[in-house]
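A.B. asks: Next up, work.cif (mmCIF, C-alpha atoms).
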```cif
data_work
loop_
_atom_site.group_PDB
_atom_site.id
_atom_site.type_symbol
_atom_site.label_atom_id
_atom_site.label_comp_id
_atom_site.auth_asym_id
_atom_site.auth_seq_id
_atom_site.Cartn_x
_atom_site.Cartn_y
_atom_site.Cartn_z
ATOM 1 C CA MET J 98 5.666 -6.776 -10.442
ATOM 2 C CA LEU J 99 4.612 -8.536 -7.271
ATOM 3 C CA CYS J 100 7.327 -10.144 -5.210
ATOM 4 C CA ALA J 101 7.114 -13.824 -4.385
ATOM 5 C CA ALA J 102 7.539 -15.147 -0.874
ATOM 6 C CA THR J 103 9.538 -18.330 -0.657
ATOM 7 C CA HIS J 104 7.785 -21.354 0.802
ATOM 8 C CA ALA J 105 10.526 -21.744 3.372
ATOM 9 C CA ALA J 106 9.939 -18.213 4.674
ATOM 10 C CA ALA J 107 6.139 -18.351 4.501
ATOM 11 C CA GLN J 108 4.400 -17.939 7.843
ATOM 12 C CA ASN J 109 0.999 -18.998 9.117
ATOM 13 C CA PHE J 110 -1.525 -16.158 9.188
ATOM 14 C CA THR J 111 -5.192 -15.270 9.573
ATOM 15 C CA PHE J 112 -7.457 -13.082 7.482
ATOM 16 C CA ALA J 113 -11.147 -12.158 7.583
ATOM 17 C CA ALA J 114 -13.909 -12.605 5.007
ATOM 18 C CA PHE J 115 -17.374 -11.054 5.155
ATOM 19 C CA GLY J 116 -20.137 -9.578 2.993
ATOM 20 C CA ASP J 117 -23.882 -9.443 2.235
ATOM 21 C CA ALA J 118 -24.406 -6.967 5.071
ATOM 22 C CA PRO J 119 -25.674 -4.669 6.320
ATOM 23 C CA TYR J 120 -29.085 -4.691 4.627
ATOM 24 C CA LEU J 121 -31.442 -3.267 7.234
ATOM 25 C CA GLU J 122 -31.181 -0.315 9.591
ATOM 26 C CA LEU J 123 -31.214 -2.653 12.579
ATOM 27 C CA GLU J 124 -28.113 -4.372 11.146
ATOM 28 C CA GLU J 125 -26.024 -1.203 10.992
ATOM 29 C CA ALA J 126 -24.904 -1.437 14.629
ATOM 30 C CA ARG J 127 -24.030 -5.121 14.180
ATOM 31 C CA PHE J 128 -21.940 -4.211 11.149
ATOM 32 C CA THR J 129 -19.906 -1.620 13.019
ATOM 33 C CA GLY J 130 -19.616 -4.150 15.846
ATOM 34 C CA ALA J 131 -18.174 -6.714 13.440
ATOM 35 C CA ILE J 132 -15.578 -4.178 12.302
ATOM 36 C CA ALA J 133 -14.707 -3.481 15.941
ATOM 37 C CA ALA J 134 -14.332 -7.229 16.549
ATOM 38 C CA MET J 135 -11.972 -7.585 13.594
ATOM 39 C CA ASN J 136 -9.978 -4.634 14.898
ATOM 40 C CA ARG J 137 -9.326 -6.570 18.096
ATOM 41 C CA GLU J 138 -7.734 -9.449 16.184
ATOM 42 C CA SER J 139 -4.359 -9.881 14.546
ATOM 43 C CA LEU J 140 -5.359 -10.123 10.894
ATOM 44 C CA ALA J 141 -3.243 -9.873 7.774
ATOM 45 C CA PHE J 142 -6.182 -8.228 5.970
ATOM 46 C CA ALA J 143 -9.941 -8.487 5.442
ATOM 47 C CA ILE J 144 -11.958 -9.170 2.288
ATOM 48 C CA HIS J 145 -15.521 -7.927 1.757
ATOM 49 C CA VAL J 146 -17.236 -9.829 -1.079
ATOM 50 C CA GLY J 147 -19.850 -7.191 -1.825
ATOM 51 C CA ASP J 148 -23.530 -6.437 -1.254
ATOM 52 C CA PHE J 149 -23.002 -3.816 1.430
ATOM 53 C CA LYS J 150 -26.675 -2.836 1.053
ATOM 54 C CA SER J 151 -29.951 -4.544 0.188
ATOM 55 C CA GLY J 152 -31.133 -4.838 -3.390
ATOM 56 C CA TRP J 153 -34.102 -2.575 -2.710
ATOM 57 C CA SER J 154 -32.432 0.248 -0.782
ATOM 58 C CA PRO J 155 -31.426 3.436 -2.646
ATOM 59 C CA CYS J 156 -28.134 3.382 -4.556
ATOM 60 C CA THR J 157 -27.122 6.863 -3.449
ATOM 61 C CA ASP J 158 -23.720 8.508 -3.442
ATOM 62 C CA ALA J 159 -24.310 9.289 0.236
ATOM 63 C CA LEU J 160 -24.731 5.615 1.139
ATOM 64 C CA TYR J 161 -21.644 4.634 -0.856
ATOM 65 C CA GLN J 162 -19.621 7.287 0.969
ATOM 66 C CA ARG J 163 -20.996 6.048 4.294
ATOM 67 C CA ARG J 164 -19.765 2.530 3.538
ATOM 68 C CA ARG J 165 -16.424 3.916 2.391
ATOM 69 C CA ASP J 166 -16.083 5.733 5.713
ATOM 70 C CA GLU J 167 -17.058 2.596 7.653
ATOM 71 C CA PHE J 168 -14.496 0.530 5.760
ATOM 72 C CA ALA J 169 -11.935 3.158 6.767
ATOM 73 C CA GLN J 170 -12.569 2.287 10.423
ATOM 74 C CA LEU J 171 -10.915 -1.100 9.933
ATOM 75 C CA ARG J 172 -7.321 -0.948 11.136
ATOM 76 C CA HIS J 173 -6.341 -3.783 8.799
ATOM 77 C CA PRO J 174 -6.095 -3.593 5.005
ATOM 78 C CA LEU J 175 -9.534 -4.118 3.452
ATOM 79 C CA ILE J 176 -10.028 -5.390 -0.077
ATOM 80 C CA TYR J 177 -13.536 -5.056 -1.477
ATOM 81 C CA ALA J 178 -15.208 -6.804 -4.442
ATOM 82 C CA PRO J 179 -18.454 -5.187 -5.650
ATOM 83 C CA GLY J 180 -21.782 -6.983 -5.349
ATOM 84 C CA ASP J 181 -24.946 -6.860 -7.440
ATOM 85 C CA ASN J 182 -26.855 -4.803 -4.880
ATOM 86 C CA GLU J 183 -24.406 -1.930 -5.372
ATOM 87 C CA TRP J 184 -24.749 -1.717 -9.145
ATOM 88 C CA THR J 185 -26.483 -4.344 -11.318
ATOM 89 C CA ASP J 186 -29.671 -4.291 -9.208
ATOM 90 C CA CYS J 187 -29.887 -0.520 -8.819
ATOM 91 C CA TRP J 188 -32.492 -0.273 -11.621
ATOM 92 C CA ARG J 189 -35.009 -1.763 -9.180
ATOM 93 C CA ALA J 190 -33.888 0.080 -6.042
ATOM 94 C CA LEU J 191 -36.452 2.364 -4.428
ATOM 95 C CA GLY J 192 -35.989 6.099 -4.060
ATOM 96 C CA THR J 193 -33.209 6.526 -6.630
ATOM 97 C CA THR J 194 -32.639 9.211 -9.229
ATOM 98 C CA ARG J 195 -32.140 8.373 -12.900
ATOM 99 C CA ASN J 196 -28.363 8.224 -12.524
ATOM 100 C CA GLU J 197 -28.594 6.261 -9.290
ATOM 101 C CA GLY J 198 -30.838 3.739 -11.036
ATOM 102 C CA ASP J 199 -28.404 3.229 -13.911
ATOM 103 C CA PRO J 200 -26.212 0.162 -13.205
ATOM 104 C CA LEU J 201 -23.323 1.389 -15.355
ATOM 105 C CA ASN J 202 -23.392 4.799 -13.682
ATOM 106 C CA ARG J 203 -23.284 3.104 -10.290
ATOM 107 C CA LEU J 204 -20.342 0.921 -11.336
ATOM 108 C CA ARG J 205 -18.455 4.042 -12.431
ATOM 109 C CA GLN J 206 -19.180 5.604 -9.041
ATOM 110 C CA LEU J 207 -17.925 2.515 -7.209
ATOM 111 C CA ARG J 208 -14.735 2.552 -9.250
ATOM 112 C CA GLN J 209 -14.097 6.206 -8.463
ATOM 113 C CA LEU J 210 -14.784 5.848 -4.758
ATOM 114 C CA PHE J 211 -13.394 2.404 -3.871
ATOM 115 C CA PHE J 212 -10.783 1.574 -6.526
ATOM 116 C CA ALA J 213 -9.128 4.895 -7.346
ATOM 117 C CA ASP J 214 -5.524 3.903 -6.648
ATOM 118 C CA ALA J 215 -3.230 0.910 -6.280
ATOM 119 C CA HIS J 216 -3.857 0.405 -2.567
ATOM 120 C CA SER J 217 -6.415 -1.343 -0.414
ATOM 121 C CA LEU J 218 -8.912 0.362 1.826
ATOM 122 C CA GLY J 219 -8.482 0.327 5.612
ATOM 123 C CA GLN J 220 -6.179 2.246 7.945
ATOM 124 C CA ARG J 221 -3.169 0.038 7.197
ATOM 125 C CA THR J 222 -3.083 -0.245 3.435
ATOM 126 C CA LEU J 223 -1.801 -2.978 1.182
ATOM 127 C CA ALA J 224 -0.266 -2.445 -2.265
ATOM 128 C CA LEU J 225 -2.396 -3.998 -4.992
ATOM 129 C CA GLU J 226 -1.980 -4.837 -8.644
ATOM 130 C CA ARG J 227 -5.043 -3.916 -10.713
ATOM 131 C CA GLN J 228 -6.286 -5.156 -14.078
ATOM 132 C CA GLY J 229 -5.755 -1.811 -15.781
ATOM 133 C CA SER J 230 -7.851 1.337 -15.563
ATOM 134 C CA ALA J 231 -10.956 -0.187 -17.174
ATOM 135 C CA TYR J 232 -11.438 -2.881 -14.493
ATOM 136 C CA PRO J 233 -9.673 -1.564 -11.371
ATOM 137 C CA GLU J 234 -11.946 -3.623 -9.098
ATOM 138 C CA HIS J 235 -10.006 -6.691 -10.269
ATOM 139 C CA ALA J 236 -7.168 -6.567 -7.742
ATOM 140 C CA ARG J 237 -4.326 -8.937 -6.896
ATOM 141 C CA TRP J 238 -1.689 -9.304 -4.207
ATOM 142 C CA VAL J 239 0.663 -11.986 -2.887
ATOM 143 C CA HIS J 240 0.908 -12.807 0.807
ATOM 144 C CA GLU J 241 3.052 -15.531 2.360
ATOM 145 C CA GLY J 242 3.324 -17.574 -0.806
ATOM 146 C CA ILE J 243 -0.362 -17.303 -1.779
ATOM 147 C CA VAL J 244 -1.847 -15.375 -4.716
ATOM 148 C CA PHE J 245 -5.034 -13.471 -3.827
ATOM 149 C CA ALA J 246 -7.318 -11.878 -6.418
ATOM 150 C CA THR J 247 -10.731 -10.206 -6.483
ATOM 151 C CA LEU J 248 -13.273 -10.524 -9.297
ATOM 152 C CA ASN J 249 -16.276 -8.415 -10.245
ATOM 153 C CA VAL J 250 -18.817 -11.243 -10.577
ATOM 154 C CA PRO J 251 -22.177 -9.935 -9.284
ATOM 155 C CA GLY J 252 -24.884 -12.218 -7.988
ATOM 156 C CA GLY J 253 -28.293 -12.746 -9.511
ATOM 157 C CA ASN J 254 -27.484 -13.408 -13.152
ATOM 158 C CA ASN J 255 -24.077 -11.779 -13.744
ATOM 159 C CA ASN J 256 -25.810 -8.681 -15.146
ATOM 160 C CA ALA J 257 -27.320 -10.637 -18.048
ATOM 161 C CA ARG J 258 -29.825 -7.767 -18.280
ATOM 162 C CA ILE J 259 -27.025 -5.824 -20.049
ATOM 163 C CA PRO J 260 -25.538 -8.560 -22.293
ATOM 164 C CA ASN J 261 -22.695 -6.558 -23.814
ATOM 165 C CA GLU J 262 -21.409 -5.468 -20.410
ATOM 166 C CA SER J 263 -21.741 -8.966 -18.973
ATOM 167 C CA ALA J 264 -19.891 -10.616 -21.860
ATOM 168 C CA ALA J 265 -17.040 -8.086 -21.877
ATOM 169 C CA ARG J 266 -16.560 -8.221 -18.108
ATOM 170 C CA THR J 267 -16.746 -12.033 -17.998
ATOM 171 C CA GLN J 268 -13.966 -12.155 -20.570
ATOM 172 C CA LYS J 269 -11.857 -9.897 -18.331
ATOM 173 C CA VAL J 270 -12.740 -11.989 -15.264
ATOM 174 C CA ASN J 271 -11.556 -15.173 -16.956
ATOM 175 C CA ALA J 272 -8.370 -13.468 -18.143
ATOM 176 C CA TRP J 273 -7.678 -12.329 -14.550
ATOM 177 C CA ILE J 274 -8.280 -15.862 -13.280
ATOM 178 C CA ALA J 275 -5.901 -17.334 -15.865
ATOM 179 C CA ASP J 276 -3.240 -14.714 -15.181
ATOM 180 C CA SER J 277 -3.429 -15.270 -11.427
ATOM 181 C CA PHE J 278 -2.875 -18.998 -11.855
ATOM 182 C CA ARG J 279 -0.053 -18.293 -14.291
ATOM 183 C CA LEU J 280 1.623 -16.115 -11.655
ATOM 184 C CA ALA J 281 1.170 -18.828 -9.032
ATOM 185 C CA ARG J 282 2.696 -21.504 -11.271
ATOM 186 C CA GLU J 283 5.603 -19.381 -12.461
ATOM 187 C CA GLN J 284 6.557 -18.261 -8.958
ATOM 188 C CA SER J 285 5.802 -21.618 -7.291
ATOM 189 C CA HIS J 286 3.159 -20.252 -4.952
ATOM 190 C CA GLY J 287 1.265 -22.795 -2.900
ATOM 191 C CA ALA J 288 -2.300 -21.539 -3.360
ATOM 192 C CA VAL J 289 -4.639 -19.228 -5.238
ATOM 193 C CA VAL J 290 -7.470 -17.468 -3.378
ATOM 194 C CA LEU J 291 -10.214 -15.772 -5.407
ATOM 195 C CA ALA J 292 -12.985 -13.562 -3.987
ATOM 196 C CA MET J 293 -16.202 -12.474 -5.678
ATOM 197 C CA GLN J 294 -19.861 -11.862 -4.849
ATOM 198 C CA ALA J 295 -21.800 -14.448 -6.851
ATOM 199 C CA ASN J 296 -22.531 -18.026 -5.886
ATOM 200 C CA PRO J 297 -22.198 -19.825 -9.240
ATOM 201 C CA TRP J 298 -24.053 -22.946 -8.045
ATOM 202 C CA THR J 299 -27.744 -23.668 -7.607
ATOM 203 C CA PHE J 300 -29.039 -25.222 -4.399
ATOM 204 C CA GLY J 301 -28.953 -28.536 -6.266
ATOM 205 C CA GLY J 302 -25.241 -28.168 -6.991
ATOM 206 C CA ASN J 303 -25.452 -27.339 -10.695
ATOM 207 C CA VAL J 304 -23.678 -24.346 -12.209
ATOM 208 C CA LYS J 305 -26.017 -21.495 -13.132
ATOM 209 C CA LYS J 306 -26.098 -20.630 -16.837
ATOM 210 C CA SER J 307 -24.875 -17.055 -16.322
ATOM 211 C CA TYR J 308 -21.725 -18.324 -14.577
ATOM 212 C CA ARG J 309 -20.904 -21.343 -16.728
ATOM 213 C CA ALA J 310 -17.946 -19.690 -18.477
ATOM 214 C CA ILE J 311 -16.453 -18.591 -15.144
ATOM 215 C CA ALA J 312 -16.964 -21.989 -13.510
ATOM 216 C CA ASP J 313 -15.358 -23.646 -16.539
ATOM 217 C CA ALA J 314 -12.352 -21.337 -16.193
ATOM 218 C CA LEU J 315 -12.071 -22.164 -12.487
ATOM 219 C CA ALA J 316 -12.239 -25.903 -13.191
ATOM 220 C CA HIS J 317 -9.737 -25.694 -16.031
ATOM 221 C CA GLU J 318 -7.153 -23.740 -14.027
ATOM 222 C CA SER J 319 -7.655 -25.664 -10.769
ATOM 223 C CA SER J 320 -7.240 -29.034 -12.510
ATOM 224 C CA ARG J 321 -3.872 -27.880 -13.878
ATOM 225 C CA PHE J 322 -2.614 -26.421 -10.582
ATOM 226 C CA ASP J 323 -0.639 -28.431 -8.037
ATOM 227 C CA GLY J 324 -1.534 -26.200 -5.089
ATOM 228 C CA GLU J 325 -4.711 -25.395 -3.193
ATOM 229 C CA VAL J 326 -7.523 -23.172 -4.511
ATOM 230 C CA LEU J 327 -9.995 -21.276 -2.324
ATOM 231 C CA LEU J 328 -12.993 -19.405 -3.749
ATOM 232 C CA ILE J 329 -14.649 -16.960 -1.356
ATOM 233 C CA HIS J 330 -18.116 -15.665 -2.259
ATOM 234 C CA GLY J 331 -21.406 -14.451 -0.817
ATOM 235 C CA ASP J 332 -24.767 -14.032 -2.548
ATOM 236 C CA THR J 333 -26.968 -16.782 -1.060
ATOM 237 C CA HIS J 334 -26.412 -15.939 2.635
ATOM 238 C CA ARG J 335 -25.554 -19.464 3.750
ATOM 239 C CA HIS J 336 -22.212 -19.918 5.454
ATOM 240 C CA ARG J 337 -20.528 -23.064 4.146
ATOM 241 C CA PHE J 338 -17.130 -24.576 3.485
ATOM 242 C CA ASP J 339 -17.218 -27.362 0.910
ATOM 243 C CA GLN J 340 -15.994 -28.643 -2.467
ATOM 244 C CA PRO J 341 -18.638 -28.171 -5.194
ATOM 245 C CA LEU J 342 -16.386 -27.825 -8.271
ATOM 246 C CA VAL J 343 -15.922 -30.890 -10.470
ATOM 247 C CA HIS J 344 -13.134 -31.924 -12.819
ATOM 248 C CA PRO J 345 -13.894 -30.832 -16.409
ATOM 249 C CA ARG J 346 -13.284 -34.336 -17.794
ATOM 250 C CA THR J 347 -14.076 -36.841 -15.025
ATOM 251 C CA GLY J 348 -16.960 -35.014 -13.365
ATOM 252 C CA ARG J 349 -15.493 -35.849 -9.962
ATOM 253 C CA PRO J 350 -14.948 -33.214 -7.257
ATOM 254 C CA LEU J 351 -11.687 -31.313 -7.557
ATOM 255 C CA ARG J 352 -10.032 -32.057 -4.226
ATOM 256 C CA ASN J 353 -7.706 -29.059 -4.358
ATOM 257 C CA PHE J 354 -10.640 -26.654 -4.735
ATOM 258 C CA THR J 355 -12.613 -25.392 -1.722
ATOM 259 C CA ARG J 356 -15.492 -22.943 -1.598
ATOM 260 C CA LEU J 357 -16.121 -20.611 1.354
ATOM 261 C CA GLU J 358 -19.410 -18.739 1.481
ATOM 262 C CA VAL J 359 -19.594 -15.968 4.053
ATOM 263 C CA PHE J 360 -22.547 -15.122 6.282
ATOM 264 C CA GLY J 361 -25.249 -12.754 5.054
ATOM 265 C CA SER J 362 -28.216 -10.745 6.273
ATOM 266 C CA PRO J 363 -29.943 -11.213 8.653
ATOM 267 C CA THR J 364 -26.790 -12.772 10.125
ATOM 268 C CA VAL J 365 -24.120 -10.077 10.386
ATOM 269 C CA ASP J 366 -20.853 -11.821 11.135
ATOM 270 C CA TRP J 367 -17.450 -12.387 9.619
ATOM 271 C CA VAL J 368 -15.398 -15.506 8.986
ATOM 272 C CA ARG J 369 -11.927 -16.042 10.418
ATOM 273 C CA VAL J 370 -9.762 -17.847 7.834
ATOM 274 C CA GLN J 371 -6.624 -19.429 9.254
ATOM 275 C CA VAL J 372 -3.850 -20.427 6.873
ATOM 276 C CA SER J 373 -1.337 -22.973 8.112
ATOM 277 C CA ARG J 374 1.312 -25.296 6.763
ATOM 278 C CA GLN J 375 1.552 -28.765 8.249
ATOM 279 C CA ASN J 376 4.294 -31.109 7.046
ATOM 280 C CA GLY J 377 4.609 -29.103 3.870
ATOM 281 C CA THR J 378 0.853 -29.110 3.200
ATOM 282 C CA LEU J 379 -1.035 -25.820 3.076
ATOM 283 C CA ARG J 380 -4.397 -25.827 4.864
ATOM 284 C CA PHE J 381 -7.321 -23.424 5.201
ATOM 285 C CA SER J 382 -9.582 -23.631 8.247
ATOM 286 C CA VAL J 383 -12.515 -21.379 9.102
ATOM 287 C CA THR J 384 -14.400 -20.294 12.213
ATOM 288 C CA PRO J 385 -17.156 -17.697 12.659
ATOM 289 C CA GLY J 386 -15.751 -14.382 13.799
ATOM 290 C CA GLY J 387 -18.290 -14.220 16.610
ATOM 291 C CA ILE J 388 -16.771 -17.265 18.280
#
```
Re-express the file's structure as structure tokens.
C.D. replies:
Amino acid sequence: MLCAATHAAAQNFTFAAFGDAPYLELEEARFTGAIAAMNRESLAFAIHVGDFKSGWSPCTDALYQRRRDEFAQLRHPLIYAPGDNEWTDCWRALGTTRNEGDPLNRLRQLRQLFFADAHSLGQRTLALERQGSAYPEHARWVHEGIVFATLNVPGGNNNARIPNESAARTQKVNAWIADSFRLAREQSHGAVVLAMQANPWTFGGNVKKSYRAIADALAHESSRFDGEVLLIHGDTHRHRFDQPLVHPRTGRPLRNFTRLEVFGSPTVDWVRVQVSRQNGTLRFSVTPGGI
């Protein structure tokens, strides 16, 4: 059982969010530079929202181990949510073997390498709660009165190419969302922060068909929650901080829900997320890590 932090004792803190990089060989040095930059800061933890390779590069065990070793260079706890480029898109990746081109095989490999125990990655680890052995990539922790959770929601089309897998996982995703909000309500936490790879919205602001059930779950839970909600994602490589989710009945923007999209290739940077409490109100503010 996770322990709750009282609002009175909760402190301001900063964490990092990044993802969708590196894709190209020329971005590798920038990626290690971003990790070095985060190491110079006082961060509670860092969250990588997936796509640590391009969708066309080989899905090899060697590359996955390389990323695992690079994540281990971060002195802060690192929590990782898998992206589509690491598993659902591996059928199209160049230079792969039969197993390496099998999305479900690649997901099993990710689970073995990145989610094998109840702790984060990074040199200073963080204890995590996981959604059982079948979906260990769904992690959760509480920090300074805020519930954090990761979700395996890959970009593209939520793995609609394998309908049975997509439907079963989406059901687990929505259960994890509901349970995280339940925990926040029961323990009077001030916010829920969710991290995943996919951007559920089109450029026009509509919800994509493959993510409708997840967006509906987010809207339902956020509309019933008194605190703040932050969704962190990647996928479309456009850094933004806005409020695209609408109320399920009124169609108006949910003012307690904010979306943060991280940078993505060819921009290799991280986002500094500062959490503060002003006159009893919890606030999230963001700045590029390179600043």
A.B. asks: With only C-alpha atoms as the atoms that count, which of J:Pro350, J:Gly219, J:Gly324, J:Pro345 lies nearest to J:Arg380?
C.D. replies: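 Distance minimum relative to J:Arg380 lands on J:Gly324.
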A.B. asks: Mind telling me what the PyMOL selection byres ((chain J and resi 330) around 7) catches here, as a PDB file with C-alpha atoms, in the coordinates of the input?
C.D. replies:
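Once everything was written out, this is out18.pdb:
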```pdb
ATOM      1  CA  VAL J 146     -17.236  -9.829  -1.079  1.00  0.00           C
ATOM      2  CA  ALA J 292     -12.985 -13.562  -3.987  1.00  0.00           C
ATOM      3  CA  MET J 293     -16.202 -12.474  -5.678  1.00  0.00           C
ATOM      4  CA  GLN J 294     -19.861 -11.862  -4.849  1.00  0.00           C
ATOM      5  CA  ALA J 295     -21.800 -14.448  -6.851  1.00  0.00           C
ATOM      6  CA  ASN J 296     -22.531 -18.026  -5.886  1.00  0.00           C
ATOM      7  CA  LEU J 328     -12.993 -19.405  -3.749  1.00  0.00           C
ATOM      8  CA  ILE J 329     -14.649 -16.960  -1.356  1.00  0.00           C
ATOM      9  CA  GLY J 331     -21.406 -14.451  -0.817  1.00  0.00           C
ATOM     10  CA  ASP J 332     -24.767 -14.032  -2.548  1.00  0.00           C
ATOM     11  CA  LEU J 357     -16.121 -20.611   1.354  1.00  0.00           C
ATOM     12  CA  GLU J 358     -19.410 -18.739   1.481  1.00  0.00           C
ATOM     13  CA  VAL J 359     -19.594 -15.968   4.053  1.00  0.00           C
TER      14      VAL J 359
END
```
A.B. asks: Taking the point (-8.8, -24.4, 12.2) as given in the file, collect each protein or nucleic acid residue that comes within 10 Å of it, counting all atoms listed in the file, and present the set as a PyMOL selection string.
C.D. replies: chain J and resi 369-373+380-384
A.B. asks: At what distance in Å, to one decimal, does atom CA of J:Asn249 lie from atom CA of J:Val270?
C.D. replies: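 Straight-line distance from atom CA of J:Val270 to atom CA of J:Asn249 works out to 7.1 Å.
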A.B. asks: What's the 10 Å shell around stretch 148-159 of chain J, counting all atoms listed in the file, without same-chain residues fewer than 5 positions away, as a PDB file with C-alpha atoms, in the frame of the given file?
C.D. replies:
```pdb
ATOM      1  CA  PHE J 115     -17.374 -11.054   5.155  1.00  0.00           C
ATOM      2  CA  GLY J 116     -20.137  -9.578   2.993  1.00  0.00           C
ATOM      3  CA  ASP J 117     -23.882  -9.443   2.235  1.00  0.00           C
ATOM      4  CA  ALA J 118     -24.406  -6.967   5.071  1.00  0.00           C
ATOM      5  CA  PRO J 119     -25.674  -4.669   6.320  1.00  0.00           C
ATOM      6  CA  TYR J 120     -29.085  -4.691   4.627  1.00  0.00           C
ATOM      7  CA  LEU J 121     -31.442  -3.267   7.234  1.00  0.00           C
ATOM      8  CA  GLU J 122     -31.181  -0.315   9.591  1.00  0.00           C
ATOM      9  CA  PHE J 128     -21.940  -4.211  11.149  1.00  0.00           C
ATOM     10  CA  ARG J 164     -19.765   2.530   3.538  1.00  0.00           C
ATOM     11  CA  ARG J 165     -16.424   3.916   2.391  1.00  0.00           C
ATOM     12  CA  TYR J 177     -13.536  -5.056  -1.477  1.00  0.00           C
ATOM     13  CA  ALA J 178     -15.208  -6.804  -4.442  1.00  0.00           C
ATOM     14  CA  PRO J 179     -18.454  -5.187  -5.650  1.00  0.00           C
ATOM     15  CA  GLY J 180     -21.782  -6.983  -5.349  1.00  0.00           C
ATOM     16  CA  ASP J 181     -24.946  -6.860  -7.440  1.00  0.00           C
ATOM     17  CA  ASN J 182     -26.855  -4.803  -4.880  1.00  0.00           C
ATOM     18  CA  GLU J 183     -24.406  -1.930  -5.372  1.00  0.00           C
ATOM     19  CA  TRP J 184     -24.749  -1.717  -9.145  1.00  0.00           C
ATOM     20  CA  THR J 185     -26.483  -4.344 -11.318  1.00  0.00           C
ATOM     21  CA  ASP J 186     -29.671  -4.291  -9.208  1.00  0.00           C
ATOM     22  CA  CYS J 187     -29.887  -0.520  -8.819  1.00  0.00           C
ATOM     23  CA  TRP J 188     -32.492  -0.273 -11.621  1.00  0.00           C
ATOM     24  CA  ARG J 189     -35.009  -1.763  -9.180  1.00  0.00           C
ATOM     25  CA  ALA J 190     -33.888   0.080  -6.042  1.00  0.00           C
ATOM     26  CA  LEU J 191     -36.452   2.364  -4.428  1.00  0.00           C
ATOM     27  CA  GLY J 192     -35.989   6.099  -4.060  1.00  0.00           C
ATOM     28  CA  THR J 193     -33.209   6.526  -6.630  1.00  0.00           C
ATOM     29  CA  THR J 194     -32.639   9.211  -9.229  1.00  0.00           C
ATOM     30  CA  ASN J 196     -28.363   8.224 -12.524  1.00  0.00           C
ATOM     31  CA  GLU J 197     -28.594   6.261  -9.290  1.00  0.00           C
ATOM     32  CA  GLY J 198     -30.838   3.739 -11.036  1.00  0.00           C
ATOM     33  CA  ASP J 199     -28.404   3.229 -13.911  1.00  0.00           C
ATOM     34  CA  PRO J 200     -26.212   0.162 -13.205  1.00  0.00           C
ATOM     35  CA  ARG J 203     -23.284   3.104 -10.290  1.00  0.00           C
ATOM     36  CA  GLN J 206     -19.180   5.604  -9.041  1.00  0.00           C
ATOM     37  CA  LEU J 207     -17.925   2.515  -7.209  1.00  0.00           C
ATOM     38  CA  LEU J 210     -14.784   5.848  -4.758  1.00  0.00           C
ATOM     39  CA  PRO J 251     -22.177  -9.935  -9.284  1.00  0.00           C
ATOM     40  CA  GLY J 252     -24.884 -12.218  -7.988  1.00  0.00           C
ATOM     41  CA  GLN J 294     -19.861 -11.862  -4.849  1.00  0.00           C
ATOM     42  CA  ALA J 295     -21.800 -14.448  -6.851  1.00  0.00           C
ATOM     43  CA  GLY J 331     -21.406 -14.451  -0.817  1.00  0.00           C
ATOM     44  CA  ASP J 332     -24.767 -14.032  -2.548  1.00  0.00           C
ATOM     45  CA  GLY J 361     -25.249 -12.754   5.054  1.00  0.00           C
ATOM     46  CA  SER J 362     -28.216 -10.745   6.273  1.00  0.00           C
TER      47      SER J 362
END
```
A.B. asks: Enter the distance from atom CA of J:Arg195 to atom CA of J:Val250, in Å, rounded to one decimal.
C.D. replies: 23.8 Å
A.B. asks: Identify all residues satisfying the PyMOL selection byres ((chain J and resi 387) around 9) in the given file; provide them as a ChimeraX atom specification.
C.D. replies: /J:131,134,366-368,384-386,388
A.B. asks: Atom CA of J:Val326 and atom CA of J:Leu291 are how many Å apart?
C.D. replies: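 Separation of atom CA of J:Val326 and atom CA of J:Leu291: 7.9 Å.
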A.B. asks: Mind checking which residues fall within 9 Å of J:Glu226, counting all atoms listed in the file, ignoring those fewer than 2 positions away in the same chain, and posting them as a PDB file with C-alpha atoms, keeping the file's coordinate frame?
C.D. replies:
```pdb
ATOM      1  CA  MET J  98       5.666  -6.776 -10.442  1.00  0.00           C
ATOM      2  CA  LEU J  99       4.612  -8.536  -7.271  1.00  0.00           C
ATOM      3  CA  ALA J 215      -3.230   0.910  -6.280  1.00  0.00           C
ATOM      4  CA  HIS J 216      -3.857   0.405  -2.567  1.00  0.00           C
ATOM      5  CA  ALA J 224      -0.266  -2.445  -2.265  1.00  0.00           C
ATOM      6  CA  GLN J 228      -6.286  -5.156 -14.078  1.00  0.00           C
ATOM      7  CA  GLY J 229      -5.755  -1.811 -15.781  1.00  0.00           C
ATOM      8  CA  PRO J 233      -9.673  -1.564 -11.371  1.00  0.00           C
ATOM      9  CA  HIS J 235     -10.006  -6.691 -10.269  1.00  0.00           C
ATOM     10  CA  ALA J 236      -7.168  -6.567  -7.742  1.00  0.00           C
ATOM     11  CA  ARG J 237      -4.326  -8.937  -6.896  1.00  0.00           C
ATOM     12  CA  TRP J 238      -1.689  -9.304  -4.207  1.00  0.00           C
TER      13      TRP J 238
END
```
A.B. asks: Using all atoms listed in the file for the distances, tell me which of J:Phe110, J:Tyr161, J:Trp298, J:Phe278 is nearest to J:Gln340.
C.D. replies: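 Ranked by minimum distance to J:Gln340, first place goes to J:Trp298.
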A.B. asks: May I ask which of the residues J:Ala169, J:Ala141, J:Ile311, J:Leu225 is the closest one to J:Gln268, counting all atoms listed in the file?
C.D. replies: J:Ile311
A.B. asks: Skip J:Val244 itself and residues of its chain fewer than 3 positions away, then list as a ChimeraX atom specification all residues within 9 Å of it, counting only C-alpha atoms.
C.D. replies: /J:237-241,277-278,280-281,286-291
